[in-house]
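Participant: Sharing a structure here in structure tokens format.
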Amino acid sequence: MWYAALMRFIRRRLVLAVIFLLSLTYCLINLLGHGGPLSIDSDYIEIKREQPIIWQNFSNDQDCRNSVQGKVLIVDDRGFVCQRTDLQSTGCCDLDAVGSKLHSCETCNLSGCCTTYEYCVSCCLNPDKKELLEQVIEKASGRQKAVFASVKDHFELCLAKCRTDSHSVQHENKYRDPKSKHCYGLTEAHESQREVIESNNLA
């Protein structure tokens, strides 16, 4: 009788040990076998927009969203850039202020990169840039693809695109162009990043 009880005890321990080892092996294979879940390349993940981007001009008689963080300049969702001191309680730039400019590409170069974030957003909000921005969205990859899939309208797209991203740097720690680092146009990864991307794809 004691022999049968001992065998049951051993079988239970053995079964539990086998289940534990199989579970541990499964976890290790999933974590290490394909680069782990934290290294998934988002180029291979299909990211779909739930709704199309709203392309529109905003009227002058409503509250505005704006870029918020600028110490000196602010850009509102209509495309006006103004001094922070000329920002109205509605969140809109004061159109009567001397420095207020609509769709200003000041500090921007021909390739669509700007020295100042607010001018980048303002220039990007020009309706003439819609076709270019559609190309930007179409050619987006990696993290940019995920970010662009979450934006709701033209203003949010320009805010996101003009922030410095991986295509604005080389070797991940140095700006490709320290002056014009805010880009609304088409940008490509620096060759130092392309090498890293290619080596990851080959692994």
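Residues in the structure tokens are numbered from 1 in each chain, the chains being A, B, ... in the order shown, and ligands are numbered from 1 in the order shown.
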Name the residues in contact with His154 (chain A) at a cut-off of 9 Å, using only C-alpha atoms, excluding same-chain residues fewer than 5 positions from it; report them as a PyMOL selection string.

Facilitator: chain A and resi 53-56+77+124-125+130+133+159
